[in-house]
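First up is the structure itself, then whatever we jot down about it.
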Amino acid sequence: MRQHLMRRRTIRTTAGSGVMPAAAKTTPLAPRVMLAALLLTALAILPQGRAQTQIPLIDVEFYRIHAEIDPLGRSIEALAEVRFVPREAMNLVVFELHTSLNVNGVVTVEGDDVAVDRVREDNQVRLTFPGALVVGNPVTVTFQYEGQLTGVENSPVQGVSLASIDPDRAYLLYPGRWFPVNGYAADRFSAEMHITVPAGYQVVASGIGTSSESDDKVRYSFSFTQPSFPGSIAVVQEEPVRVDYEGINTLLYFKTVSADLAENYGAEIGRMMGFFTEKFGSPYSTTLTVIETGDYAPNAYTAPGIVFLSPFGIGEDVNRLLLGTEVAHQWWRTLISPGNRNHSWLDLGLAKYAAMLEIEENEGETEFIAFLRDTQIDALTYDEIPVLQAGRLPDFSPEIYALAGSKGAMVLNMLRFTMGDEAFFATLKQFAEKHAWSSVITEDLLETAESVSGKSLQSFFIQWTENTGTPEFSQEYTIYRLGGGKGFRVMGKISQDMDTFSMPVEVEVQTEGEPEYEMIEVRGRSSDYVIETFGKPRRVVLDPKSRILRYDESIHVKVAIRKGEQLMELGYYDEALDTYQQALDINRYSSLAHYRIGEIFFRQNNYQSAANQFREALNGNGEPEWTEVWAHISLGNIFDITDQRDRAVNEYQLALRTRDNTQGALEEAQKYLEQPYRRPRRTERVY
């Protein structure tokens with residue numbers, strides 16, 4: 001560890017010891033609940049998000065890290081040499097470092113000590129230099145630090161494991177601040193890392209790697225010369241599953257996954273990499289490594305050449321949207337990244353929409369539209385601030401995924417619709433090539449899109465990235481029969497509630513024959529249209545392919561239900577019931593709202609009320625279709641609990657007749673036909 005390079009010193013701690021008080025030591029939440037819990041903690045840490053939207057006062061250029069990891073002791077000892085360039089004349093420089101890590105000293109390249117204040121509540125290390133640093137002159141300092149990293153304890157993001165060392169595996173992600181970080185997610189850097197582990201372990205990191213053995217230890221060295229975010233590593237024991245798919249090499253370090261599923265992941269990654277290369281240009285590398293993390297890690301995180309997936313993110317089948325999003329981060333994060341967190345949609349939104357494009361390519365338009373509609377609902381669950389204020393939201397929170405991820409993806413889909421496919425895809429490819437290995441802001445994408453299309457797109461970007469308004473659509477129309485057997489004429493008016501709205505809107509006229517489509521330019525609060533058809537019109541549908549982020553009655557219901565689901569995962573049943581009731585106030589026949597209310601009553605052992613709601617779900621609008629099969633199964637469970645086996649059997653048989661196997665429903669119904677449902681045993685200890 002070359003500890004002779006630095007002398008141990010006592011570091012003054014300004015805020016707390018970093019040890020959690022006994023009352024704060026709680027059992028970590030389950031992954032679903034953990035993520036939902038962030039919904040309520042987001043606003044509590046807004047100041048941290050705001051700080052990360054400013055231009056960093058220094059530009060970190062390079063790291064040289066020497067670290068020794070002890071999996072059995074769950075500890076790390078490290079030296080981190082950091083070269084940075086001051087942007088302002090100052091003598092105070094602030095870095096972020098995981099609270100569980102103790103700083104033993106910081107010295108300059110000349111060997112002089114730097115005064116250090118450790119502010120643990122903000123994960124900060126504050127360096128005070130004797131005099132003002134010179135603007136533009138590179139400065140190099142070396143941190144000596146050590147500590148234990150046990151997962152969620154003291155994590156920079158509450159409840160999320162971003163840096164964990166265990167006897168069988170370790171993952172240290174860049175967001176975990178396991179080395180001193182400045183300008184998080186904005187300040188790109190190159191790195192050289194030397195990681196020592198006991199014999200029998202392997203290290204995975206970004207860049208070109210070598211290894212050497214000494215006694216009972218192995219030292220792995222990695223060099224990443226381009227400015228990006230190469231600061232994530234993993235320590236593993238098993239050999240990887242290797243998959244070669246059309247020139248794309250994937251190494252998968254899965255510890256709880258079958259070899260067959262790993263093979264499927266490798267093949268899908270190869271297919272995705274090929275598609276993204278065609279659309280966006282060449283990636284950093286044609287080799288991608290996939291690491292399984294832990295239960296409380298984020299569902300997924302991506303570093304250059306590496307995808308980290310939690311067991312929950314991996315699941316039992318390939319999650320194409322999640323996996324595609326992470327693979328796309330090899331372009332929309334590794335290759336180019338937001339200049340600050342306010343422009344996070346150029347990371348989260350671009351990657352998510354890229355994954356949806358890959359689904360459209362390989363699974364067809366119907367699947368793409370289904371994902372688009374789900375993304376639309378998710379985007380509308382959080383609309384309190386504009387896309388370009390995403391820096392106010394914490395990482396890995398439902399809010400930032402809704403705003404920067406889902407709304408960002410919807411903005412891109414609307415941009416594609418406005419520009420046309422040829423210009424849109426040319427824009428993305430040119431954008432990636434022009435700004436490779438650099439940071440970007442929204443204006444850079446605007447300039448590229450205008451240059452490629454030859455159109456002014458300023459009002460579009462202002463409307464969808466700088467404002468919070470979402471139009472609410474309605475329409476009225478009249479159908480006339482034309483004389484002489486010439487068909488029919490539809491005369492209608494599209495209304496919406498935003499004076500500044502201006503976009504083409506597709507209208508589908510469903511007829512007795514093939515549907516007719518027409519593009520209507522909607523400007524201001526109302527726009528008239530006239531459409532002539534040969535077949536007799538039966539119905540006129542606005543925006544049939546969900547291209548536009550908007551509200552109508554149906555969408556209001558779905559958004560309210562989605563919010564209720566988030567509250568239900570938290571265990572806030574009363575609040576969830578209120579939200580579901582809002583959905584029923586809009587549409588009393590919503591099968592999904594009734595079904596969700598039935599779930600809450602079932603969990604509260606209020607079986608009569610639950611049965612009433614499941615019946616209402618069966619008598620409702622039948623949307624989505626799976627509510628039918630699962631309402632029958634749930635009723636069967638209730639009748640089994642209340643010792644009415646004949647009625648339970650009838651419900652399970654009705655479930656089987658639907659032939660709907662959503663989430664394994666038919667297997668579930670068959671299981672309870674053979675053996676009655678029993679309530680799970682209560683686990684509380686009785687004293």
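Naming scheme: A, B, ... for chains in displayed order of the structure tokens; residues 1 onward per chain; ligands 1 onward as shown.
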
For stretch 392-498 of chain A versus stretch 307-325 of chain A, which residues have an atom no more than 12 Å away, and what is each residue's nearest atom pair and distance in Å rounded to one decimal, using only C-alpha atoms, chain-then-number order, as a tab-separated table?
```
residue	atom	partner	partner_atom	distance
A:Tyr401	CA	A:Thr325	CA	12.0
A:Gly405	CA	A:Thr325	CA	10.0
A:Ser406	CA	A:Thr325	CA	11.5
A:Ala409	CA	A:Thr325	CA	11.0
```

Inset, instruction - Write out as an MDAnalysis selection string all residues of stretch 311-467 of chain A that backbone DSSP assigns to helix (DSSP H, G or I). - result: chainID A and resid 311:314 320:328 341:346 348:363 365:380 387:392 398:419 421:434 442:453 458:466

Legend entry - Shell around A:Ala426 at 10 Å using only C-alpha atoms, local window under 3 positions removed, as a ChimeraX atom specification: /A:279-280,421-423,429-431,448-449,452-453

Preceding selection exported with C-alpha atoms as a short mmCIF file (atom, residue, chain, number, x, y, z; two decimals), in the first residue's frame:
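Okay, out_29.cif is ready:
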```cif
data_model
loop_
_atom_site.label_atom_id
_atom_site.label_comp_id
_atom_site.auth_asym_id
_atom_site.auth_seq_id
_atom_site.Cartn_x
_atom_site.Cartn_y
_atom_site.Cartn_z
CA LYS A 279 -27.95 4.28 -34.87
CA PHE A 280 -25.37 6.23 -32.82
CA ASP A 421 -37.42 9.71 -38.60
CA GLU A 422 -34.66 10.50 -41.07
CA ALA A 423 -33.76 13.87 -39.55
CA LYS A 429 -25.79 10.13 -34.66
CA GLN A 430 -24.27 13.52 -35.39
CA PHE A 431 -24.79 14.60 -31.77
CA THR A 448 -27.68 19.84 -33.80
CA ALA A 449 -31.38 19.18 -34.40
CA VAL A 452 -29.91 18.73 -39.44
CA SER A 453 -33.59 19.55 -39.95
#
```

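For the choices A:Gln389, A:Gln644, A:Gln475, A:Thr381, the atom-to-atom distance to A:Asn342 is smallest for A:Gln389 when using only C-alpha atoms.
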
Inset, instruction - Go through A:Asn413, A:Thr334, A:Gln675, A:Thr533 and flag the residue nearest A:Val509, using only C-alpha atoms for the distances. - result: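 Of A:Asn413, A:Thr334, A:Gln675, A:Thr533, the one nearest A:Val509, counting only C-alpha atoms, is A:Thr533.
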
Find the residues near A:Ala665: any atom within 8 Å, counting only C-alpha atoms, skip ones fewer than 2 places away on the same chain, and give them as a compact mmCIF listing (two decimals) with N, CA and C atoms, in the first residue's frame.
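As written to disk, part_0.txt reads:
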```txt
# COMPACT_ATOMS: atom_id res chain seq x y z
N VAL A 629 -58.44 -12.25 -14.58
CA VAL A 629 -57.93 -13.52 -14.06
C VAL A 629 -57.48 -13.38 -12.61
N TRP A 630 -56.85 -12.27 -12.28
CA TRP A 630 -56.33 -12.12 -10.91
C TRP A 630 -57.43 -11.77 -9.91
N ILE A 633 -58.73 -15.16 -8.99
CA ILE A 633 -57.80 -15.85 -8.08
C ILE A 633 -57.89 -15.25 -6.68
N ALA A 655 -60.93 -18.47 -13.36
CA ALA A 655 -59.63 -17.90 -13.71
C ALA A 655 -58.99 -18.68 -14.86
N ASP A 660 -55.68 -16.35 -19.55
CA ASP A 660 -54.74 -15.22 -19.41
C ASP A 660 -53.68 -15.62 -18.39
N ASN A 661 -52.44 -15.77 -18.86
CA ASN A 661 -51.37 -16.25 -17.97
C ASN A 661 -50.44 -15.11 -17.54
N THR A 662 -50.98 -13.91 -17.43
CA THR A 662 -50.18 -12.78 -16.98
C THR A 662 -49.58 -13.07 -15.61
N GLN A 663 -48.26 -12.91 -15.50
CA GLN A 663 -47.54 -13.15 -14.24
C GLN A 663 -47.81 -14.55 -13.68
N GLU A 667 -50.91 -20.90 -13.71
CA GLU A 667 -50.23 -21.83 -12.81
C GLU A 667 -50.68 -21.61 -11.37
N GLU A 668 -50.88 -20.34 -11.02
CA GLU A 668 -51.33 -20.02 -9.66
C GLU A 668 -52.72 -20.59 -9.41
N ALA A 669 -53.62 -20.40 -10.38
CA ALA A 669 -54.99 -20.92 -10.22
C ALA A 669 -54.99 -22.44 -10.13
```

Inset, instruction - Tell me, as an MDAnalysis selection string, which residues lie within 12 Å of A:Asp215, counting only C-alpha atoms; anything in the same chain fewer than 3 positions away does not count. - result: chainID A and resid 196:199 212 218:219
